[in-house]
Amino acid sequence: MAAINDLPLVQLARDLIDIDSTSGQESKAVTWLASWLRDRGYHVTEQPVVNDRANVVATITKRDPEIVFSTHIDCVPSFFPSRIDGNTLYGRGACDAKGILAAQITALEQLRTSGEESIGLLVVVGEEHGSPGAQAANRLAQSCRYLINGEPTDNRLARATRGVYRVCLSTQGRAAHSSHPELGESAIEKLLDALVALRELNLPADEIIGRTTYTIGMLSGGVAPNVVPPNAEADVNFRTVGPASEVRACLNALPDNVSTKDIIVVPPVHLKTMPGFDTEVFRFTTDIPFLSSWGEPLLIGPGSVQVAHTADEHVEIPELERAVDLYIKLARALLNENAD
């Protein structure tokens with residue numbers, strides 16, 4: 001048996017991880033990947049997205065594939081390079097999502113070697129920050145039937161993922177000298193009242209995905225410690241299980257002195273599953289809602305979202321290897337389903 005460091009899958013994952021591709025800085029990694037794929041005979045298109053950032057589309061022939069593997073090449077900060085400890089691969093992107101990308105490419109290589117030509121690859125930028133890559137990719141004319149998206153799902157097929165509804169709650173007050181607070185109105189106190197009321201709302205639930213959750217991600221307000229604050233705002237991130245309009249309707253129960261402004265809306269999705277695969281519902285959101293023109297979506301990938309974005313992001317190497325087999329199995333099952 002080859003040593004872990006000698007496995008092509010592991011080396012490819014490490015090569016990808018060791019290029020810093022923090023969101024907005026993906027160009028070096030994209031150039032490296034496009035060159036790697038071209039050197040192996042793939043038909044490669046680099047689709048401009050914004051500035052020097054580009055998506056990568058790779059196919060075995062010049063025809064549109066029936067099935068496309070897809071994931072993202074950008075990562076959250078802060079960057080740290082790869083290392084191996086026992087059977088574990090560490091590094092930024094190890095599970096989100098460069099390890100996944102390496103597994104998908106390895107599966108694509110094996111399918112090509114077996115004579116399968118109807119599989120392709122889509123790698124997008126910016127998934128971690130607004131999904132500009134996926135939105136650009138969706139403007140490409142495609143005829144593929146299925147999109148196999150990769151995110152860390154512990155190698156389980158996702159039955160559904162939650163959506164995102166991010167909203168800014170803001171309040172206005174009146175400034176005054178803090179020695180005479182009765183002459184002013186505290187916007188911060190108004191906002192605190194609203195956030196307490198938020199705890200009591202009966203937020204929407206779905207029998208498959210569960211109940212809507214939220215996080216108060218950022219708070220700001222006031223101008224100085226000795227001034228009654230004239231303004232305040234909170235950035236609230238809801239993980240939705242249905243239409244954002246249902247959450248928006250719940251927010252009508254907050255005090256009348258609170259204003260709401262929509263920032264981001266991404267819908268939840270129910271996904272295709274296949275017999276013979278473990279399944280699960282996931283709380284996170286993916287690029288899938290922005291890739292509607294790429295066929296019916298499925299979602300699966302090695303690694304756990306619970307270690308993604310952390311200071312010790314990692315993936316077990318046997319899990320990467322199993323992902324290759326699962327991607328091949330899934331692609332063939334979908335092709336056989338279509339043939340039937």
# chains A, B, ... in the order shown; residues from 1 in each chain; ligands from 1

$ residues_around --residues "Thr61 (chain A)" --least-positions-apart "3" --cutoff "10 Å" --atoms "only C-alpha atoms" --output "ChimeraX atom specification"
/A:41-44,58,64-65,117-120

$ select_by_dssp --residues "region 4-239 of chain A" --states "helix (DSSP H, G or I)" --output "VMD selection string"
chain A and resid 4 to 6 8 to 17 27 to 39 98 to 113 132 to 137 181 to 183 187 to 199

$ closest_atom_pairs --of "region 264-313 of chain A" --to "region 148-159 of chain A" --cutoff "7 Å" --atoms "only C-alpha atoms" --output "CSV"
residue,atom,partner,partner_atom,distance
A:His270,CA,A:Arg159,CA,5.9
A:Leu271,CA,A:Arg159,CA,5.0
A:Lys272,CA,A:Arg159,CA,6.7
A:Thr273,CA,A:Leu157,CA,6.3
A:Phe277,CA,A:Leu157,CA,6.5
A:Asp278,CA,A:Arg156,CA,5.0
A:Thr279,CA,A:Leu157,CA,4.6
A:Glu280,CA,A:Ala158,CA,5.1
A:Val281,CA,A:Arg159,CA,5.3
A:Phe282,CA,A:Ala158,CA,6.7
A:Pro297,CA,A:Ile148,CA,6.0
A:Leu298,CA,A:Ile148,CA,4.9
A:Leu299,CA,A:Asn149,CA,4.8
A:Ile300,CA,A:Leu157,CA,4.9
A:Gly301,CA,A:Pro152,CA,4.8
A:Pro302,CA,A:Asn155,CA,4.7
A:Gly303,CA,A:Pro152,CA,4.7
A:Ser304,CA,A:Pro152,CA,5.1
A:Val305,CA,A:Pro152,CA,5.4

$ residues_around --residues "region 252-260 of chain A" --least-positions-apart "4" --cutoff "8 Å" --atoms "only C-alpha atoms" --output "VMD selection string"
chain A and resid 167 to 172 190 to 191 193 to 194 197 to 198 201 248

$ write_last_selection --atoms "C-alpha atoms" --output "JSON list (two decimals), in the first residue's frame"
[["chain", "number", "residue", "atom", "x", "y", "z"],
["A", 167, "VAL", "CA", -31.80, 41.49, 7.95],
["A", 168, "CYS", "CA", -30.65, 44.75, 9.54],
["A", 169, "LEU", "CA", -32.78, 45.95, 12.45],
["A", 170, "SER", "CA", -32.29, 49.64, 13.18],
["A", 171, "THR", "CA", -33.62, 52.20, 15.63],
["A", 172, "GLN", "CA", -33.44, 55.96, 15.85],
["A", 190, "LYS", "CA", -34.98, 50.66, 21.83],
["A", 191, "LEU", "CA", -32.92, 48.11, 19.92],
["A", 193, "ASP", "CA", -36.10, 45.93, 23.62],
["A", 194, "ALA", "CA", -36.55, 44.69, 20.06],
["A", 197, "ALA", "CA", -38.89, 40.63, 21.79],
["A", 198, "LEU", "CA", -37.16, 38.69, 19.00],
["A", 201, "LEU", "CA", -41.28, 35.18, 18.28],
["A", 248, "ARG", "CA", -40.49, 38.81, 7.59]]

$ closest_residue --among "A:Cys75, A:Leu33, A:Ala13, A:Ile288" --to "Glu128 (chain A)" --atoms "only C-alpha atoms"
A:Cys75

$ residues_around --residues "region 230-237 of chain A" --least-positions-apart "6" --cutoff "7 Å" --atoms "only C-alpha atoms" --output "JSON, numbers by chain"
{"A": [164, 165, 166, 167, 168, 169, 170, 171, 172, 173, 174, 175, 185, 186, 187, 188, 191, 214, 215, 216, 217, 218, 219, 220, 221, 222]}

$ write_last_selection --atoms "C-alpha atoms" --output "mmCIF file, in the first residue's frame"
data_model
loop_
_atom_site.group_PDB
_atom_site.id
_atom_site.type_symbol
_atom_site.label_atom_id
_atom_site.label_comp_id
_atom_site.auth_asym_id
_atom_site.auth_seq_id
_atom_site.Cartn_x
_atom_site.Cartn_y
_atom_site.Cartn_z
ATOM 1 C CA VAL A 164 -30.523 32.439 4.743
ATOM 2 C CA TYR A 165 -32.459 35.586 5.488
ATOM 3 C CA ARG A 166 -30.167 38.316 6.740
ATOM 4 C CA VAL A 167 -31.803 41.492 7.949
ATOM 5 C CA CYS A 168 -30.650 44.745 9.536
ATOM 6 C CA LEU A 169 -32.780 45.952 12.453
ATOM 7 C CA SER A 170 -32.294 49.641 13.181
ATOM 8 C CA THR A 171 -33.622 52.201 15.629
ATOM 9 C CA GLN A 172 -33.438 55.965 15.853
ATOM 10 C CA GLY A 173 -33.210 58.092 18.982
ATOM 11 C CA ARG A 174 -32.255 61.633 19.956
ATOM 12 C CA ALA A 175 -28.786 62.659 21.105
ATOM 13 C CA GLU A 185 -33.938 59.051 23.475
ATOM 14 C CA SER A 186 -31.614 56.042 23.521
ATOM 15 C CA ALA A 187 -31.650 54.174 20.226
ATOM 16 C CA ILE A 188 -29.661 51.384 21.876
ATOM 17 C CA LEU A 191 -32.916 48.115 19.924
ATOM 18 C CA TYR A 214 -31.098 33.009 14.104
ATOM 19 C CA THR A 215 -27.862 34.625 15.190
ATOM 20 C CA ILE A 216 -27.351 38.268 16.126
ATOM 21 C CA GLY A 217 -24.092 38.616 14.266
ATOM 22 C CA MET A 218 -23.218 42.271 14.770
ATOM 23 C CA LEU A 219 -24.325 45.171 16.955
ATOM 24 C CA SER A 220 -23.449 48.829 16.595
ATOM 25 C CA GLY A 221 -24.721 52.123 17.891
ATOM 26 C CA GLY A 222 -24.009 55.421 19.523
#

$ closest_residue --among "A:Pro267, A:Gly99, A:Gly86, A:Pro132" --to "Asn51 (chain A)" --atoms "only C-alpha atoms"
A:Pro132

$ select_by_dssp --residues "region 26-97 of chain A" --states "strand (DSSP E)" --output "compact mmCIF listing (two decimals) with N, CA and C atoms, in the first residue's frame"
# COMPACT_ATOMS: atom_id res chain seq x y z
N HIS A 43 -11.03 19.83 -21.73
CA HIS A 43 -11.43 21.08 -22.38
C HIS A 43 -11.81 22.06 -21.26
N VAL A 44 -11.09 23.14 -21.17
CA VAL A 44 -11.20 24.04 -20.01
C VAL A 44 -11.61 25.44 -20.46
N THR A 45 -12.60 25.99 -19.77
CA THR A 45 -13.02 27.38 -19.97
C THR A 45 -12.86 28.12 -18.65
N GLU A 46 -12.24 29.27 -18.71
CA GLU A 46 -12.17 30.16 -17.54
C GLU A 46 -13.17 31.29 -17.76
N GLN A 47 -14.24 31.27 -16.99
CA GLN A 47 -15.31 32.26 -17.15
C GLN A 47 -15.04 33.46 -16.25
N PRO A 48 -14.80 34.64 -16.83
CA PRO A 48 -14.58 35.83 -15.99
C PRO A 48 -15.79 36.10 -15.09
N VAL A 49 -15.52 36.48 -13.84
CA VAL A 49 -16.58 36.80 -12.89
C VAL A 49 -16.52 38.26 -12.51
N VAL A 50 -15.44 38.68 -11.86
CA VAL A 50 -15.24 40.07 -11.50
C VAL A 50 -13.75 40.30 -11.28
N ARG A 53 -10.95 37.49 -11.13
CA ARG A 53 -11.52 36.25 -10.61
C ARG A 53 -12.31 35.54 -11.70
N ALA A 54 -12.21 34.22 -11.74
CA ALA A 54 -12.86 33.45 -12.80
C ALA A 54 -13.30 32.09 -12.28
N ASN A 55 -14.39 31.58 -12.86
CA ASN A 55 -14.80 30.20 -12.65
C ASN A 55 -14.06 29.30 -13.62
N VAL A 56 -14.03 28.00 -13.31
CA VAL A 56 -13.42 27.01 -14.20
C VAL A 56 -14.47 25.97 -14.57
N VAL A 57 -14.63 25.75 -15.87
CA VAL A 57 -15.49 24.69 -16.38
C VAL A 57 -14.61 23.73 -17.17
N ALA A 58 -14.66 22.44 -16.83
CA ALA A 58 -13.84 21.44 -17.51
C ALA A 58 -14.73 20.30 -17.98
N THR A 59 -14.53 19.87 -19.22
CA THR A 59 -15.29 18.76 -19.77
C THR A 59 -14.32 17.78 -20.44
N ILE A 67 -23.76 15.14 -16.44
CA ILE A 67 -23.58 15.31 -15.00
C ILE A 67 -22.37 16.20 -14.77
N VAL A 68 -22.49 17.12 -13.82
CA VAL A 68 -21.38 18.02 -13.49
C VAL A 68 -21.11 17.95 -12.00
N PHE A 69 -19.85 17.66 -11.65
CA PHE A 69 -19.38 17.83 -10.28
C PHE A 69 -19.11 19.32 -10.07
N SER A 70 -19.45 19.83 -8.90
CA SER A 70 -19.24 21.26 -8.65
C SER A 70 -18.91 21.52 -7.20
N THR A 71 -18.02 22.49 -6.98
CA THR A 71 -17.77 23.02 -5.65
C THR A 71 -17.10 24.38 -5.81
N HIS A 72 -16.61 24.94 -4.71
CA HIS A 72 -16.00 26.27 -4.77
C HIS A 72 -14.53 26.19 -4.40
N ARG A 83 -0.95 20.24 6.29
CA ARG A 83 -0.04 19.33 7.00
C ARG A 83 -0.81 18.04 7.25
N ILE A 84 -0.05 16.96 7.43
CA ILE A 84 -0.66 15.66 7.69
C ILE A 84 -0.23 15.19 9.06
N ASP A 85 -1.20 14.76 9.84
CA ASP A 85 -0.95 14.17 11.15
C ASP A 85 -1.68 12.83 11.20
N THR A 88 -4.97 12.25 9.07
CA THR A 88 -5.76 13.47 9.00
C THR A 88 -5.02 14.54 8.21
N LEU A 89 -5.72 15.17 7.29
CA LEU A 89 -5.19 16.28 6.50
C LEU A 89 -5.73 17.58 7.06
N TYR A 90 -4.83 18.47 7.46
CA TYR A 90 -5.19 19.78 7.99
C TYR A 90 -4.88 20.85 6.95

$ closest_residue --among "A:Arg162, A:Arg322, A:His177, A:Arg145" --to "Gly295 (chain A)" --atoms "only C-alpha atoms"
A:Arg145

$ closest_residue --among "A:Ser179, A:Arg112, A:Val76, A:Ser293" --to "Ile328 (chain A)" --atoms "only C-alpha atoms"
A:Arg112

$ atom_distance --atom1 "CA of Gln110 (chain A)" --atom2 "CA of Leu334 (chain A)"
16.4 Å

$ closest_residue --among "A:Leu335, A:Leu291, A:Val269, A:Leu183" --to "Val228 (chain A)" --atoms "only C-alpha atoms"
A:Leu183

$ atom_distance --atom1 "CA of Cys250 (chain A)" --atom2 "CA of Pro289 (chain A)"
23.7 Å

$ decode --residues "region 30-45 of chain A" --atoms "all heavy atoms" --output "compact mmCIF listing (two decimals), in the first residue's frame"
# COMPACT_ATOMS: atom_id res chain seq x y z
N VAL A 30 -7.10 29.52 -9.29
CA VAL A 30 -7.85 29.24 -10.51
C VAL A 30 -6.89 28.99 -11.68
O VAL A 30 -7.06 28.05 -12.45
CB VAL A 30 -8.81 30.40 -10.83
CG1 VAL A 30 -9.32 30.31 -12.26
CG2 VAL A 30 -9.98 30.40 -9.85
N THR A 31 -5.86 29.84 -11.79
CA THR A 31 -4.88 29.67 -12.87
C THR A 31 -4.16 28.33 -12.74
O THR A 31 -3.97 27.62 -13.74
CB THR A 31 -3.86 30.82 -12.83
OG1 THR A 31 -4.54 32.06 -13.03
CG2 THR A 31 -2.80 30.65 -13.90
N TRP A 32 -3.79 27.98 -11.52
CA TRP A 32 -3.10 26.70 -11.30
C TRP A 32 -4.01 25.53 -11.68
O TRP A 32 -3.59 24.60 -12.37
CB TRP A 32 -2.69 26.58 -9.83
CG TRP A 32 -1.88 25.35 -9.53
CD1 TRP A 32 -0.53 25.21 -9.56
CD2 TRP A 32 -2.41 24.04 -9.19
NE1 TRP A 32 -0.16 23.92 -9.24
CE2 TRP A 32 -1.30 23.18 -9.02
CE3 TRP A 32 -3.69 23.53 -9.01
CZ2 TRP A 32 -1.44 21.83 -8.68
CZ3 TRP A 32 -3.84 22.18 -8.69
CH2 TRP A 32 -2.73 21.36 -8.51
N LEU A 33 -5.27 25.57 -11.24
CA LEU A 33 -6.20 24.48 -11.51
C LEU A 33 -6.48 24.35 -13.01
O LEU A 33 -6.49 23.24 -13.55
CB LEU A 33 -7.49 24.70 -10.74
CG LEU A 33 -8.60 23.67 -11.00
CD1 LEU A 33 -8.15 22.28 -10.58
CD2 LEU A 33 -9.88 24.07 -10.28
N ALA A 34 -6.72 25.47 -13.66
CA ALA A 34 -7.01 25.43 -15.10
C ALA A 34 -5.84 24.82 -15.87
O ALA A 34 -6.04 24.01 -16.78
CB ALA A 34 -7.33 26.83 -15.61
N SER A 35 -4.62 25.19 -15.49
CA SER A 35 -3.44 24.63 -16.14
C SER A 35 -3.32 23.13 -15.86
O SER A 35 -3.01 22.34 -16.77
CB SER A 35 -2.19 25.37 -15.64
OG SER A 35 -1.01 24.81 -16.19
N TRP A 36 -3.58 22.73 -14.63
CA TRP A 36 -3.50 21.32 -14.25
C TRP A 36 -4.47 20.50 -15.09
O TRP A 36 -4.14 19.42 -15.60
CB TRP A 36 -3.82 21.18 -12.76
CG TRP A 36 -3.55 19.84 -12.14
CD1 TRP A 36 -2.45 19.45 -11.45
CD2 TRP A 36 -4.44 18.70 -12.15
NE1 TRP A 36 -2.58 18.14 -11.03
CE2 TRP A 36 -3.79 17.65 -11.45
CE3 TRP A 36 -5.71 18.46 -12.67
CZ2 TRP A 36 -4.36 16.40 -11.25
CZ3 TRP A 36 -6.29 17.21 -12.50
CH2 TRP A 36 -5.61 16.19 -11.80
N LEU A 37 -5.68 21.00 -15.26
CA LEU A 37 -6.69 20.27 -16.03
C LEU A 37 -6.34 20.24 -17.52
O LEU A 37 -6.51 19.21 -18.18
CB LEU A 37 -8.06 20.92 -15.82
CG LEU A 37 -8.66 20.75 -14.41
CD1 LEU A 37 -9.82 21.73 -14.20
CD2 LEU A 37 -9.14 19.32 -14.18
N ARG A 38 -5.86 21.35 -18.05
CA ARG A 38 -5.48 21.38 -19.47
C ARG A 38 -4.34 20.40 -19.74
O ARG A 38 -4.33 19.71 -20.78
CB ARG A 38 -5.07 22.79 -19.88
CG ARG A 38 -6.23 23.76 -20.03
CD ARG A 38 -5.80 25.03 -20.74
NE ARG A 38 -6.93 25.95 -20.85
CZ ARG A 38 -7.13 26.99 -20.03
NH1 ARG A 38 -6.27 27.24 -19.05
NH2 ARG A 38 -8.18 27.77 -20.18
N ASP A 39 -3.37 20.34 -18.84
CA ASP A 39 -2.23 19.44 -19.02
C ASP A 39 -2.67 17.99 -19.11
O ASP A 39 -1.94 17.14 -19.64
CB ASP A 39 -1.23 19.60 -17.87
CG ASP A 39 -0.45 20.90 -17.94
OD1 ASP A 39 -0.49 21.55 -19.00
OD2 ASP A 39 0.18 21.27 -16.93
N ARG A 40 -3.85 17.68 -18.57
CA ARG A 40 -4.36 16.32 -18.60
C ARG A 40 -5.42 16.10 -19.67
O ARG A 40 -6.11 15.09 -19.67
CB ARG A 40 -4.89 15.95 -17.21
CG ARG A 40 -3.74 15.65 -16.26
CD ARG A 40 -4.07 15.91 -14.81
NE ARG A 40 -2.90 15.63 -13.99
CZ ARG A 40 -1.88 16.49 -13.82
NH1 ARG A 40 -1.91 17.67 -14.44
NH2 ARG A 40 -0.84 16.17 -13.07
N GLY A 41 -5.53 17.07 -20.57
CA GLY A 41 -6.35 16.86 -21.75
C GLY A 41 -7.80 17.27 -21.65
O GLY A 41 -8.59 16.98 -22.56
N TYR A 42 -8.19 17.94 -20.58
CA TYR A 42 -9.58 18.40 -20.46
C TYR A 42 -9.80 19.66 -21.30
O TYR A 42 -8.87 20.45 -21.54
CB TYR A 42 -9.93 18.69 -19.01
CG TYR A 42 -10.03 17.46 -18.13
CD1 TYR A 42 -8.95 17.01 -17.40
CD2 TYR A 42 -11.22 16.74 -18.06
CE1 TYR A 42 -9.04 15.87 -16.61
CE2 TYR A 42 -11.33 15.60 -17.28
CZ TYR A 42 -10.23 15.17 -16.56
OH TYR A 42 -10.32 14.04 -15.79
N HIS A 43 -11.03 19.83 -21.73
CA HIS A 43 -11.43 21.08 -22.38
C HIS A 43 -11.81 22.06 -21.26
O HIS A 43 -12.76 21.81 -20.52
CB HIS A 43 -12.61 20.84 -23.33
CG HIS A 43 -12.30 19.90 -24.45
ND1 HIS A 43 -11.77 20.31 -25.65
CD2 HIS A 43 -12.42 18.54 -24.54
CE1 HIS A 43 -11.58 19.28 -26.44
NE2 HIS A 43 -11.97 18.19 -25.79
N VAL A 44 -11.09 23.14 -21.17
CA VAL A 44 -11.20 24.04 -20.01
C VAL A 44 -11.61 25.44 -20.46
O VAL A 44 -11.03 26.00 -21.39
CB VAL A 44 -9.89 24.11 -19.22
CG1 VAL A 44 -10.01 25.08 -18.04
CG2 VAL A 44 -9.50 22.73 -18.71
N THR A 45 -12.60 25.99 -19.77
CA THR A 45 -13.02 27.38 -19.97
C THR A 45 -12.86 28.12 -18.65
O THR A 45 -13.29 27.62 -17.60
CB THR A 45 -14.48 27.46 -20.42
OG1 THR A 45 -14.63 26.76 -21.64
CG2 THR A 45 -14.92 28.91 -20.60
